[in-house]
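What follows is a set of notes on a single structure, which appears directly below.
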Amino acid sequence: MKITVAGIGYVGLSNAVLLSQHHEVTAVDISEERVNLINSGKSPIVDREIEEYLATKKLNLCATTDDNAYSNADYVVISTPTNYDEDKNYFDTSSVEQVIGKVVVTNKNATIVIKSTVPIGFTNRMIEKFGYKNIIFSPEFLREGKALYDNLYPARIIVGVNLDDPEIKARATRFAELLAEGAVKTDIPRLILNAKEAEAVKLFANTYLAVRVAYFNELDTYCQMKGLDASQIISGVCMDGRIGNFYNNPSFGYGGYCLPKDTKQLKADFGDIPQNMISAVVQANDTRKKFIAEQIIAQSGFEKNKNAIVGIYRLTMKSKSDNFRQSAIQGVIGILKSRNVQLLIYEPMYREDKFMDISVTDDLQKFKDEASIIVANRFESNLSDVAEKVYCRDIYHEN
């Protein structure tokens, strides 16, 4: 079977690698650098499993910048970015629509699978807009840095489709089989739903995760203000099997590719529907970043010493990730910058010497020497020698 994947980010590349174990896959991207890396057996993103599979597995995978790759595909998987537009209160779905437009002109038989996160009702609108019924939606549930692993061992496979059309439903069922075929895990739960319901699953699932992150962050805020040990309280709370000991490590806020934009999109999708929690979780994340910034200012001694330098350890969202997008630390940086706090950033994966007009270094020792306080969303072992001046809410120190 011939499959074309549009977009070589975490979602697109992990799906391309997964599917190319058994099928002919062509990955399409606008970046020649990413295309060349893949064609040389190297990963353009930080993901250990992807790097290993590209280097050691026999995959039927190539990459190109040529849109002609859509013309002979049985399935076209779209995994292009859908960033949230704050002005429009809506995902920017233009890249997805552009790919759909190219496919329907060049290939009248392909099944288009939208993997990008979209607003509820988007798939049906695209079917109507393009007059092309072979469009389905399959939500992705991946962690940054563990994208291929989460495809190899998925918790579930969900495909959204027009259930009243037997032919399209059969295509959706076949696509679910393709995903399961490439996985290591067996007996994977599968759901074939209406497209709107599948789109809603993605937004509600990620918003629930955001609620959980925000909850434990607010617990931690309380503990900092009251002088309590957050780790002891979290341990006691999470011994309840209904709560569970997971997704409970305090941070500077939720961030990354999905949670910030998905929570805002779900809030927008509610419109006039009565709700409190969805709005609250968005607000809670902003409140947490403001609180963290105030704690940093207080602990840095900046109010007394204007020359104090606050060192920001990494711009990435989490350990073993190369994603800078929407990381919580960037929100904290913005607040500190607005207060005229002197900042220095350590980020070995950033190629420029300035970020938000703040100096960036890849010299860790220089960074440690110059920073009066080091701010780290997650504690890593190479900070152990300066642990006394690290501000971090990572109570488990998981690398």
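Residue names in the structure tokens use chain letters A, B, ... in the order shown, residue numbers from 1 in each chain, and ligand numbers from 1 in the order shown.
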
Please provide the set of residues having any atom within 8 Å of Thr80 in chain A, restricted to only C-alpha atoms, with same-chain residues fewer than 6 positions apart removed, written as a PDB file with C-alpha atoms, in the first residue's frame.
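As written to disk, out32.pdb reads:
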```pdb
ATOM      1  CA  ALA A   6       2.317  15.452   5.008  1.00  0.00           C
ATOM      2  CA  GLY A   7       4.399  17.118   7.727  1.00  0.00           C
ATOM      3  CA  ILE A   8       7.485  15.681   9.431  1.00  0.00           C
ATOM      4  CA  GLY A   9       7.039  16.805  13.020  1.00  0.00           C
ATOM      5  CA  GLY A  12       4.056  12.909  11.068  1.00  0.00           C
ATOM      6  CA  SER A  95      -1.866  24.134   6.294  1.00  0.00           C
ATOM      7  CA  VAL A  96      -4.298  21.211   6.596  1.00  0.00           C
ATOM      8  CA  SER A 116      -3.512  17.323  13.034  1.00  0.00           C
TER       9      SER A 116
END
```

Looking only at strand (DSSP E or B) from DSSP on the backbone, list the matching residues of range 206-396 of chain A as a ChimeraX atom specification. /A:309-313,342-346,354-355,358-361,373-376,390-391

Pick from A:Gly255, A:Pro166, A:Gly121, A:Gly182, whichever lies nearest to Asp150 in chain A using only C-alpha atoms: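 Nearest to Asp150 in chain A: A:Gly182.
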
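Near Leu18 in chain A, within 10 Å and counting only C-alpha atoms, sit Gly12, Leu13, Ser14, His22, His23, Val25, Ile50, Tyr53, Leu59, Leu61, Leu148, Tyr149, Asn151, Leu152, Leu178, Leu179, Ala180, Glu181, Gly182, Ala183 and Val184 of chain A, not including residues fewer than 4 positions from it in the same chain.
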
Residue neighbourhood range 212-220 of chain A, 12 Å, only C-alpha atoms, exclusion window fewer than 6 positions, as a ChimeraX atom specification: /A:205-206,226-235,237-238,243-255,259-260,263,277-278,280-289,291-292,328,392-395

Based on DSSP run over this structure's backbone, return all residues of range 214-306 of chain A in alpha helix (DSSP H), as a PyMOL selection string. chain A and resi 214-226+230-238+259-270+277-300
